[in-house]
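Enquirer: Once you've had a glance at the structure underneath, I'll fire off some questions.
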Amino acid sequence: MAEFAPVRTIAEFRELDEGDILEGYLDGFHGGPEPGPDRSRAYWYGWRNGRTDAGLAKPDSAQQALAREFALLRRTYS
């Protein structure tokens with residue numbers, strides 16, 4: 001298992017590579033295996049979120065914290 005710090009803030013999210021996020025998301029959504037150390041933090045982030053969105057895993061505290069930050073940002077600009 002790759003050990004990356006979970007993404008909890010918008011600032012951390014903005015540092016991630018979008019292509020790696022998408023690739024990881026699609027792999028996670030379709031039940032792909034947990035990424036190893038040869039993958040990036042962005043891939044790992046996408047993989048975790050893909051699994052959650054597919055109903056294969058429940059959201060963890062980091063995913064919930066990031067969702068709250070995005071919700072606050074949306075309210076700020078609404």
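If you're wondering about the labels, chains in the structure tokens are A, B, ... by order shown, residues count from 1 in each chain, ligands from 1 in order shown.
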Could you list, as JSON, numbers by chain, every residue within 9 Å of segment 39-55 of chain A, counting only C-alpha atoms and ignoring same-chain residues fewer than 3 positions away?

Expert: {"A": [2, 3, 4, 5, 6, 7, 13, 15, 16, 17, 18, 19, 20, 21, 22, 23, 24, 25, 26, 27, 28, 29, 30, 31, 32, 34, 35, 36, 58, 59, 63]}

Enquirer: What residues in segment 15-69 of chain A get the DSSP label helix (DSSP H, G or I)? Please answer as a PDB file with all heavy atoms, in the first residue's frame.

Expert:
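Result written to part_11.pdb:
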ATOM      1  N   GLU A  18      -4.136  16.739 -12.306  1.00  0.00           N
ATOM      2  CA  GLU A  18      -5.507  16.384 -12.683  1.00  0.00           C
ATOM      3  C   GLU A  18      -5.575  15.071 -13.458  1.00  0.00           C
ATOM      4  O   GLU A  18      -6.512  14.292 -13.288  1.00  0.00           O
ATOM      5  CB  GLU A  18      -6.138  17.503 -13.504  1.00  0.00           C
ATOM      6  CG  GLU A  18      -6.347  18.773 -12.718  1.00  0.00           C
ATOM      7  CD  GLU A  18      -6.837  19.923 -13.582  1.00  0.00           C
ATOM      8  OE1 GLU A  18      -7.136  19.718 -14.774  1.00  0.00           O
ATOM      9  OE2 GLU A  18      -6.923  21.040 -13.060  1.00  0.00           O
ATOM     10  N   GLY A  19      -4.600  14.820 -14.323  1.00  0.00           N
ATOM     11  CA  GLY A  19      -4.592  13.583 -15.089  1.00  0.00           C
ATOM     12  C   GLY A  19      -4.440  12.360 -14.203  1.00  0.00           C
ATOM     13  O   GLY A  19      -5.105  11.338 -14.408  1.00  0.00           O
ATOM     14  N   ASP A  20      -3.555  12.470 -13.197  1.00  0.00           N
ATOM     15  CA  ASP A  20      -3.374  11.362 -12.251  1.00  0.00           C
ATOM     16  C   ASP A  20      -4.626  11.148 -11.415  1.00  0.00           C
ATOM     17  O   ASP A  20      -4.997  10.004 -11.123  1.00  0.00           O
ATOM     18  CB  ASP A  20      -2.182  11.630 -11.330  1.00  0.00           C
ATOM     19  CG  ASP A  20      -0.839  11.379 -11.983  1.00  0.00           C
ATOM     20  OD1 ASP A  20      -0.801  10.934 -13.147  1.00  0.00           O
ATOM     21  OD2 ASP A  20       0.179  11.644 -11.325  1.00  0.00           O
ATOM     22  N   ILE A  21      -5.289  12.240 -11.029  1.00  0.00           N
ATOM     23  CA  ILE A  21      -6.536  12.113 -10.268  1.00  0.00           C
ATOM     24  C   ILE A  21      -7.560  11.340 -11.089  1.00  0.00           C
ATOM     25  O   ILE A  21      -8.191  10.395 -10.597  1.00  0.00           O
ATOM     26  CB  ILE A  21      -7.116  13.492  -9.872  1.00  0.00           C
ATOM     27  CG1 ILE A  21      -6.229  14.191  -8.852  1.00  0.00           C
ATOM     28  CG2 ILE A  21      -8.534  13.332  -9.314  1.00  0.00           C
ATOM     29  CD1 ILE A  21      -6.629  15.630  -8.561  1.00  0.00           C
ATOM     30  N   LEU A  22      -7.735  11.726 -12.345  1.00  0.00           N
ATOM     31  CA  LEU A  22      -8.734  11.085 -13.202  1.00  0.00           C
ATOM     32  C   LEU A  22      -8.407   9.602 -13.404  1.00  0.00           C
ATOM     33  O   LEU A  22      -9.292   8.744 -13.298  1.00  0.00           O
ATOM     34  CB  LEU A  22      -8.826  11.799 -14.544  1.00  0.00           C
ATOM     35  CG  LEU A  22      -9.803  11.192 -15.543  1.00  0.00           C
ATOM     36  CD1 LEU A  22     -11.219  11.145 -14.979  1.00  0.00           C
ATOM     37  CD2 LEU A  22      -9.764  11.974 -16.845  1.00  0.00           C
ATOM     38  N   GLU A  23      -7.150   9.297 -13.687  1.00  0.00           N
ATOM     39  CA  GLU A  23      -6.768   7.896 -13.891  1.00  0.00           C
ATOM     40  C   GLU A  23      -7.049   7.069 -12.636  1.00  0.00           C
ATOM     41  O   GLU A  23      -7.610   5.968 -12.706  1.00  0.00           O
ATOM     42  CB  GLU A  23      -5.286   7.817 -14.260  1.00  0.00           C
ATOM     43  CG  GLU A  23      -4.822   6.417 -14.554  1.00  0.00           C
ATOM     44  CD  GLU A  23      -3.345   6.326 -14.882  1.00  0.00           C
ATOM     45  OE1 GLU A  23      -2.635   7.358 -14.870  1.00  0.00           O
ATOM     46  OE2 GLU A  23      -2.897   5.197 -15.129  1.00  0.00           O
ATOM     47  N   GLY A  24      -6.660   7.593 -11.482  1.00  0.00           N
ATOM     48  CA  GLY A  24      -6.911   6.897 -10.228  1.00  0.00           C
ATOM     49  C   GLY A  24      -8.393   6.762  -9.941  1.00  0.00           C
ATOM     50  O   GLY A  24      -8.862   5.710  -9.483  1.00  0.00           O
ATOM     51  N   TYR A  25      -9.149   7.824 -10.217  1.00  0.00           N
ATOM     52  CA  TYR A  25     -10.590   7.801  -9.978  1.00  0.00           C
ATOM     53  C   TYR A  25     -11.252   6.682 -10.781  1.00  0.00           C
ATOM     54  O   TYR A  25     -12.034   5.892 -10.243  1.00  0.00           O
ATOM     55  CB  TYR A  25     -11.209   9.153 -10.343  1.00  0.00           C
ATOM     56  CG  TYR A  25     -12.694   9.200 -10.090  1.00  0.00           C
ATOM     57  CD1 TYR A  25     -13.187   9.584  -8.848  1.00  0.00           C
ATOM     58  CD2 TYR A  25     -13.600   8.843 -11.074  1.00  0.00           C
ATOM     59  CE1 TYR A  25     -14.552   9.610  -8.597  1.00  0.00           C
ATOM     60  CE2 TYR A  25     -14.965   8.864 -10.835  1.00  0.00           C
ATOM     61  CZ  TYR A  25     -15.436   9.247  -9.599  1.00  0.00           C
ATOM     62  OH  TYR A  25     -16.786   9.264  -9.348  1.00  0.00           O
ATOM     63  N   LEU A  26     -10.923   6.609 -12.055  1.00  0.00           N
ATOM     64  CA  LEU A  26     -11.536   5.592 -12.907  1.00  0.00           C
ATOM     65  C   LEU A  26     -11.144   4.180 -12.453  1.00  0.00           C
ATOM     66  O   LEU A  26     -11.992   3.279 -12.422  1.00  0.00           O
ATOM     67  CB  LEU A  26     -11.149   5.822 -14.367  1.00  0.00           C
ATOM     68  CG  LEU A  26     -11.722   7.093 -14.992  1.00  0.00           C
ATOM     69  CD1 LEU A  26     -11.136   7.319 -16.380  1.00  0.00           C
ATOM     70  CD2 LEU A  26     -13.245   7.052 -15.042  1.00  0.00           C
ATOM     71  N   ASP A  27      -9.891   4.003 -12.072  1.00  0.00           N
ATOM     72  CA  ASP A  27      -9.463   2.697 -11.583  1.00  0.00           C
ATOM     73  C   ASP A  27     -10.178   2.340 -10.279  1.00  0.00           C
ATOM     74  O   ASP A  27     -10.642   1.206 -10.103  1.00  0.00           O
ATOM     75  CB  ASP A  27      -7.946   2.661 -11.377  1.00  0.00           C
ATOM     76  CG  ASP A  27      -7.171   2.632 -12.685  1.00  0.00           C
ATOM     77  OD1 ASP A  27      -7.787   2.406 -13.761  1.00  0.00           O
ATOM     78  OD2 ASP A  27      -5.945   2.841 -12.636  1.00  0.00           O
ATOM     79  N   GLY A  28     -10.277   3.291  -9.374  1.00  0.00           N
ATOM     80  CA  GLY A  28     -10.965   3.041  -8.111  1.00  0.00           C
ATOM     81  C   GLY A  28     -12.444   2.796  -8.301  1.00  0.00           C
ATOM     82  O   GLY A  28     -13.032   1.901  -7.677  1.00  0.00           O
ATOM     83  N   PHE A  29     -13.063   3.563  -9.179  1.00  0.00           N
ATOM     84  CA  PHE A  29     -14.500   3.429  -9.436  1.00  0.00           C
ATOM     85  C   PHE A  29     -14.825   2.037  -9.969  1.00  0.00           C
ATOM     86  O   PHE A  29     -15.859   1.461  -9.651  1.00  0.00           O
ATOM     87  CB  PHE A  29     -14.956   4.502 -10.430  1.00  0.00           C
ATOM     88  CG  PHE A  29     -16.444   4.595 -10.577  1.00  0.00           C
ATOM     89  CD1 PHE A  29     -17.183   5.408  -9.723  1.00  0.00           C
ATOM     90  CD2 PHE A  29     -17.115   3.878 -11.547  1.00  0.00           C
ATOM     91  CE1 PHE A  29     -18.559   5.505  -9.850  1.00  0.00           C
ATOM     92  CE2 PHE A  29     -18.486   3.974 -11.690  1.00  0.00           C
ATOM     93  CZ  PHE A  29     -19.219   4.788 -10.829  1.00  0.00           C
ATOM     94  N   ARG A  41       0.548  10.678  -5.288  1.00  0.00           N
ATOM     95  CA  ARG A  41      -0.473  11.053  -4.304  1.00  0.00           C
ATOM     96  C   ARG A  41      -1.777  11.414  -5.018  1.00  0.00           C
ATOM     97  O   ARG A  41      -2.865  11.109  -4.539  1.00  0.00           O
ATOM     98  CB  ARG A  41       0.019  12.243  -3.470  1.00  0.00           C
ATOM     99  CG  ARG A  41      -0.943  12.663  -2.385  1.00  0.00           C
ATOM    100  CD  ARG A  41      -0.428  13.869  -1.633  1.00  0.00           C
ATOM    101  NE  ARG A  41      -1.259  14.189  -0.483  1.00  0.00           N
ATOM    102  CZ  ARG A  41      -1.335  15.382   0.050  1.00  0.00           C
ATOM    103  NH1 ARG A  41      -0.603  16.383  -0.433  1.00  0.00           N
ATOM    104  NH2 ARG A  41      -2.115  15.610   1.093  1.00  0.00           N
ATOM    105  N   ALA A  42      -1.680  12.070  -6.174  1.00  0.00           N
ATOM    106  CA  ALA A  42      -2.867  12.454  -6.934  1.00  0.00           C
ATOM    107  C   ALA A  42      -3.638  11.210  -7.395  1.00  0.00           C
ATOM    108  O   ALA A  42      -4.871  11.175  -7.320  1.00  0.00           O
ATOM    109  CB  ALA A  42      -2.473  13.312  -8.138  1.00  0.00           C
ATOM    110  N   TYR A  43      -2.922  10.213  -7.880  1.00  0.00           N
ATOM    111  CA  TYR A  43      -3.573   8.965  -8.302  1.00  0.00           C
ATOM    112  C   TYR A  43      -4.271   8.332  -7.108  1.00  0.00           C
ATOM    113  O   TYR A  43      -5.412   7.905  -7.195  1.00  0.00           O
ATOM    114  CB  TYR A  43      -2.535   8.002  -8.893  1.00  0.00           C
ATOM    115  CG  TYR A  43      -3.135   6.693  -9.326  1.00  0.00           C
ATOM    116  CD1 TYR A  43      -3.539   6.496 -10.634  1.00  0.00           C
ATOM    117  CD2 TYR A  43      -3.322   5.658  -8.411  1.00  0.00           C
ATOM    118  CE1 TYR A  43      -4.105   5.294 -11.032  1.00  0.00           C
ATOM    119  CE2 TYR A  43      -3.883   4.461  -8.793  1.00  0.00           C
ATOM    120  CZ  TYR A  43      -4.281   4.282 -10.101  1.00  0.00           C
ATOM    121  OH  TYR A  43      -4.860   3.087 -10.484  1.00  0.00           O
ATOM    122  N   TRP A  44      -3.566   8.255  -5.996  1.00  0.00           N
ATOM    123  CA  TRP A  44      -4.113   7.649  -4.784  1.00  0.00           C
ATOM    124  C   TRP A  44      -5.373   8.398  -4.332  1.00  0.00           C
ATOM    125  O   TRP A  44      -6.374   7.782  -3.977  1.00  0.00           O
ATOM    126  CB  TRP A  44      -3.041   7.658  -3.696  1.00  0.00           C
ATOM    127  CG  TRP A  44      -3.399   6.971  -2.431  1.00  0.00           C
ATOM    128  CD1 TRP A  44      -3.546   5.623  -2.229  1.00  0.00           C
ATOM    129  CD2 TRP A  44      -3.655   7.582  -1.169  1.00  0.00           C
ATOM    130  NE1 TRP A  44      -3.861   5.372  -0.928  1.00  0.00           N
ATOM    131  CE2 TRP A  44      -3.937   6.564  -0.250  1.00  0.00           C
ATOM    132  CE3 TRP A  44      -3.661   8.899  -0.732  1.00  0.00           C
ATOM    133  CZ2 TRP A  44      -4.226   6.817   1.079  1.00  0.00           C
ATOM    134  CZ3 TRP A  44      -3.950   9.152   0.596  1.00  0.00           C
ATOM    135  CH2 TRP A  44      -4.235   8.119   1.483  1.00  0.00           C
ATOM    136  N   TYR A  45      -5.321   9.726  -4.379  1.00  0.00           N
ATOM    137  CA  TYR A  45      -6.492  10.539  -4.026  1.00  0.00           C
ATOM    138  C   TYR A  45      -7.670  10.191  -4.946  1.00  0.00           C
ATOM    139  O   TYR A  45      -8.790   9.966  -4.490  1.00  0.00           O
ATOM    140  CB  TYR A  45      -6.141  12.029  -4.134  1.00  0.00           C
ATOM    141  CG  TYR A  45      -7.346  12.923  -4.129  1.00  0.00           C
ATOM    142  CD1 TYR A  45      -7.969  13.268  -2.932  1.00  0.00           C
ATOM    143  CD2 TYR A  45      -7.896  13.404  -5.308  1.00  0.00           C
ATOM    144  CE1 TYR A  45      -9.101  14.066  -2.920  1.00  0.00           C
ATOM    145  CE2 TYR A  45      -9.018  14.199  -5.302  1.00  0.00           C
ATOM    146  CZ  TYR A  45      -9.612  14.527  -4.103  1.00  0.00           C
ATOM    147  OH  TYR A  45     -10.750  15.311  -4.098  1.00  0.00           O
ATOM    148  N   GLY A  46      -7.419  10.156  -6.250  1.00  0.00           N
ATOM    149  CA  GLY A  46      -8.473   9.828  -7.199  1.00  0.00           C
ATOM    150  C   GLY A  46      -9.021   8.430  -6.979  1.00  0.00           C
ATOM    151  O   GLY A  46     -10.234   8.208  -7.017  1.00  0.00           O
ATOM    152  N   TRP A  47      -8.131   7.472  -6.733  1.00  0.00           N
ATOM    153  CA  TRP A  47      -8.542   6.089  -6.494  1.00  0.00           C
ATOM    154  C   TRP A  47      -9.474   5.998  -5.285  1.00  0.00           C
ATOM    155  O   TRP A  47     -10.519   5.348  -5.351  1.00  0.00           O
ATOM    156  CB  TRP A  47      -7.292   5.225  -6.291  1.00  0.00           C
ATOM    157  CG  TRP A  47      -7.584   3.790  -6.018  1.00  0.00           C
ATOM    158  CD1 TRP A  47      -7.863   2.809  -6.936  1.00  0.00           C
ATOM    159  CD2 TRP A  47      -7.643   3.157  -4.734  1.00  0.00           C
ATOM    160  NE1 TRP A  47      -8.088   1.615  -6.294  1.00  0.00           N
ATOM    161  CE2 TRP A  47      -7.956   1.802  -4.932  1.00  0.00           C
ATOM    162  CE3 TRP A  47      -7.452   3.620  -3.434  1.00  0.00           C
ATOM    163  CZ2 TRP A  47      -8.089   0.896  -3.886  1.00  0.00           C
ATOM    164  CZ3 TRP A  47      -7.582   2.723  -2.391  1.00  0.00           C
ATOM    165  CH2 TRP A  47      -7.893   1.372  -2.620  1.00  0.00           C
ATOM    166  N   ARG A  48      -9.107   6.676  -4.205  1.00  0.00           N
ATOM    167  CA  ARG A  48      -9.943   6.651  -2.994  1.00  0.00           C
ATOM    168  C   ARG A  48     -11.322   7.245  -3.270  1.00  0.00           C
ATOM    169  O   ARG A  48     -12.338   6.713  -2.829  1.00  0.00           O
ATOM    170  CB  ARG A  48      -9.260   7.424  -1.860  1.00  0.00           C
ATOM    171  CG  ARG A  48      -8.010   6.721  -1.361  1.00  0.00           C
ATOM    172  CD  ARG A  48      -7.230   7.555  -0.360  1.00  0.00           C
ATOM    173  NE  ARG A  48      -7.968   7.725   0.860  1.00  0.00           N
ATOM    174  CZ  ARG A  48      -8.321   8.902   1.378  1.00  0.00           C
ATOM    175  NH1 ARG A  48      -7.986  10.018   0.783  1.00  0.00           N
ATOM    176  NH2 ARG A  48      -8.989   8.969   2.496  1.00  0.00           N
ATOM    177  N   ASN A  49     -11.359   8.344  -4.012  1.00  0.00           N
ATOM    178  CA  ASN A  49     -12.639   8.977  -4.293  1.00  0.00           C
ATOM    179  C   ASN A  49     -13.479   8.176  -5.277  1.00  0.00           C
ATOM    180  O   ASN A  49     -14.701   8.127  -5.158  1.00  0.00           O
ATOM    181  CB  ASN A  49     -12.418  10.404  -4.787  1.00  0.00           C
ATOM    182  CG  ASN A  49     -12.133  11.326  -3.630  1.00  0.00           C
ATOM    183  OD1 ASN A  49     -13.034  11.722  -2.920  1.00  0.00           O
ATOM    184  ND2 ASN A  49     -10.871  11.623  -3.414  1.00  0.00           N
ATOM    185  N   GLY A  50     -12.830   7.535  -6.241  1.00  0.00           N
ATOM    186  CA  GLY A  50     -13.558   6.670  -7.157  1.00  0.00           C
ATOM    187  C   GLY A  50     -14.226   5.521  -6.420  1.00  0.00           C
ATOM    188  O   GLY A  50     -15.393   5.194  -6.670  1.00  0.00           O
ATOM    189  N   ARG A  51     -13.506   4.903  -5.501  1.00  0.00           N
ATOM    190  CA  ARG A  51     -14.087   3.810  -4.702  1.00  0.00           C
ATOM    191  C   ARG A  51     -15.272   4.302  -3.883  1.00  0.00           C
ATOM    192  O   ARG A  51     -16.288   3.620  -3.797  1.00  0.00           O
ATOM    193  CB  ARG A  51     -13.026   3.220  -3.772  1.00  0.00           C
ATOM    194  CG  ARG A  51     -12.007   2.376  -4.494  1.00  0.00           C
ATOM    195  CD  ARG A  51     -11.013   1.743  -3.530  1.00  0.00           C
ATOM    196  NE  ARG A  51     -11.614   1.076  -2.392  1.00  0.00           N
ATOM    197  CZ  ARG A  51     -12.108  -0.165  -2.403  1.00  0.00           C
ATOM    198  NH1 ARG A  51     -12.087  -0.864  -3.495  1.00  0.00           N
ATOM    199  NH2 ARG A  51     -12.613  -0.693  -1.299  1.00  0.00           N
ATOM    200  N   THR A  52     -15.133   5.470  -3.305  1.00  0.00           N
ATOM    201  CA  THR A  52     -16.218   6.021  -2.494  1.00  0.00           C
ATOM    202  C   THR A  52     -17.441   6.315  -3.358  1.00  0.00           C
ATOM    203  O   THR A  52     -18.565   5.942  -3.004  1.00  0.00           O
ATOM    204  CB  THR A  52     -15.749   7.295  -1.770  1.00  0.00           C
ATOM    205  OG1 THR A  52     -14.634   6.950  -0.934  1.00  0.00           O
ATOM    206  CG2 THR A  52     -16.839   7.902  -0.931  1.00  0.00           C
ATOM    207  N   ASP A  53     -17.226   6.958  -4.495  1.00  0.00           N
ATOM    208  CA  ASP A  53     -18.354   7.298  -5.367  1.00  0.00           C
ATOM    209  C   ASP A  53     -19.039   6.062  -5.934  1.00  0.00           C
ATOM    210  O   ASP A  53     -20.246   6.084  -6.209  1.00  0.00           O
ATOM    211  CB  ASP A  53     -17.909   8.209  -6.501  1.00  0.00           C
ATOM    212  CG  ASP A  53     -17.587   9.619  -6.030  1.00  0.00           C
ATOM    213  OD1 ASP A  53     -17.859   9.940  -4.854  1.00  0.00           O
ATOM    214  OD2 ASP A  53     -17.050  10.400  -6.837  1.00  0.00           O
ATOM    215  N   SER A  61     -12.587  10.646   7.108  1.00  0.00           N
ATOM    216  CA  SER A  61     -12.582  11.989   7.692  1.00  0.00           C
ATOM    217  C   SER A  61     -11.901  13.003   6.768  1.00  0.00           C
ATOM    218  O   SER A  61     -12.307  14.169   6.712  1.00  0.00           O
ATOM    219  CB  SER A  61     -11.925  11.986   9.067  1.00  0.00           C
ATOM    220  OG  SER A  61     -10.565  11.608   8.973  1.00  0.00           O
ATOM    221  N   ALA A  62     -10.871  12.592   6.037  1.00  0.00           N
ATOM    222  CA  ALA A  62     -10.193  13.520   5.125  1.00  0.00           C
ATOM    223  C   ALA A  62     -11.114  13.914   3.969  1.00  0.00           C
ATOM    224  O   ALA A  62     -11.191  15.090   3.600  1.00  0.00           O
ATOM    225  CB  ALA A  62      -8.909  12.897   4.585  1.00  0.00           C
ATOM    226  N   GLN A  63     -11.814  12.952   3.411  1.00  0.00           N
ATOM    227  CA  GLN A  63     -12.739  13.251   2.318  1.00  0.00           C
ATOM    228  C   GLN A  63     -13.857  14.175   2.803  1.00  0.00           C
ATOM    229  O   GLN A  63     -14.263  15.092   2.096  1.00  0.00           O
ATOM    230  CB  GLN A  63     -13.317  11.953   1.751  1.00  0.00           C
ATOM    231  CG  GLN A  63     -12.290  11.144   0.994  1.00  0.00           C
ATOM    232  CD  GLN A  63     -12.758   9.741   0.697  1.00  0.00           C
ATOM    233  OE1 GLN A  63     -13.303   9.063   1.566  1.00  0.00           O
ATOM    234  NE2 GLN A  63     -12.536   9.296  -0.525  1.00  0.00           N
ATOM    235  N   GLN A  64     -14.341  13.940   4.000  1.00  0.00           N
ATOM    236  CA  GLN A  64     -15.392  14.787   4.563  1.00  0.00           C
ATOM    237  C   GLN A  64     -14.881  16.197   4.835  1.00  0.00           C
ATOM    238  O   GLN A  64     -15.593  17.175   4.582  1.00  0.00           O
ATOM    239  CB  GLN A  64     -15.945  14.145   5.831  1.00  0.00           C
ATOM    240  CG  GLN A  64     -16.696  12.863   5.541  1.00  0.00           C
ATOM    241  CD  GLN A  64     -17.038  12.077   6.799  1.00  0.00           C
ATOM    242  OE1 GLN A  64     -16.569  12.392   7.895  1.00  0.00           O
ATOM    243  NE2 GLN A  64     -17.845  11.052   6.646  1.00  0.00           N
ATOM    244  N   ALA A  65     -13.658  16.323   5.316  1.00  0.00           N
ATOM    245  CA  ALA A  65     -13.081  17.646   5.587  1.00  0.00           C
ATOM    246  C   ALA A  65     -12.932  18.433   4.286  1.00  0.00           C
ATOM    247  O   ALA A  65     -13.250  19.629   4.228  1.00  0.00           O
ATOM    248  CB  ALA A  65     -11.733  17.513   6.287  1.00  0.00           C
ATOM    249  N   LEU A  66     -12.451  17.783   3.230  1.00  0.00           N
ATOM    250  CA  LEU A  66     -12.295  18.457   1.949  1.00  0.00           C
ATOM    251  C   LEU A  66     -13.656  18.857   1.380  1.00  0.00           C
ATOM    252  O   LEU A  66     -13.811  19.963   0.855  1.00  0.00           O
ATOM    253  CB  LEU A  66     -11.533  17.575   0.962  1.00  0.00           C
ATOM    254  CG  LEU A  66     -11.231  18.187  -0.394  1.00  0.00           C
ATOM    255  CD1 LEU A  66     -10.421  19.477  -0.256  1.00  0.00           C
ATOM    256  CD2 LEU A  66     -10.499  17.190  -1.279  1.00  0.00           C
ATOM    257  N   ALA A  67     -14.638  17.997   1.499  1.00  0.00           N
ATOM    258  CA  ALA A  67     -15.988  18.323   1.023  1.00  0.00           C
ATOM    259  C   ALA A  67     -16.538  19.545   1.757  1.00  0.00           C
ATOM    260  O   ALA A  67     -17.171  20.412   1.142  1.00  0.00           O
ATOM    261  CB  ALA A  67     -16.918  17.121   1.208  1.00  0.00           C
ATOM    262  N   ARG A  68     -16.276  19.639   3.060  1.00  0.00           N
ATOM    263  CA  ARG A  68     -16.727  20.818   3.824  1.00  0.00           C
ATOM    264  C   ARG A  68     -16.043  22.088   3.316  1.00  0.00           C
ATOM    265  O   ARG A  68     -16.678  23.129   3.186  1.00  0.00           O
ATOM    266  CB  ARG A  68     -16.468  20.630   5.318  1.00  0.00           C
ATOM    267  CG  ARG A  68     -17.471  19.738   6.005  1.00  0.00           C
ATOM    268  CD  ARG A  68     -17.327  19.761   7.527  1.00  0.00           C
ATOM    269  NE  ARG A  68     -16.040  19.264   7.992  1.00  0.00           N
ATOM    270  CZ  ARG A  68     -15.760  17.992   8.232  1.00  0.00           C
ATOM    271  NH1 ARG A  68     -16.672  17.062   8.046  1.00  0.00           N
ATOM    272  NH2 ARG A  68     -14.567  17.643   8.673  1.00  0.00           N
ATOM    273  N   GLU A  69     -14.743  22.004   3.029  1.00  0.00           N
ATOM    274  CA  GLU A  69     -14.031  23.186   2.508  1.00  0.00           C
ATOM    275  C   GLU A  69     -14.623  23.631   1.175  1.00  0.00           C
ATOM    276  O   GLU A  69     -14.815  24.819   0.943  1.00  0.00           O
ATOM    277  CB  GLU A  69     -12.540  22.893   2.341  1.00  0.00           C
ATOM    278  CG  GLU A  69     -11.764  22.996   3.615  1.00  0.00           C
ATOM    279  CD  GLU A  69     -10.347  23.498   3.401  1.00  0.00           C
ATOM    280  OE1 GLU A  69     -10.002  23.959   2.288  1.00  0.00           O
ATOM    281  OE2 GLU A  69      -9.585  23.436   4.367  1.00  0.00           O
TER     282      GLU A  69
END
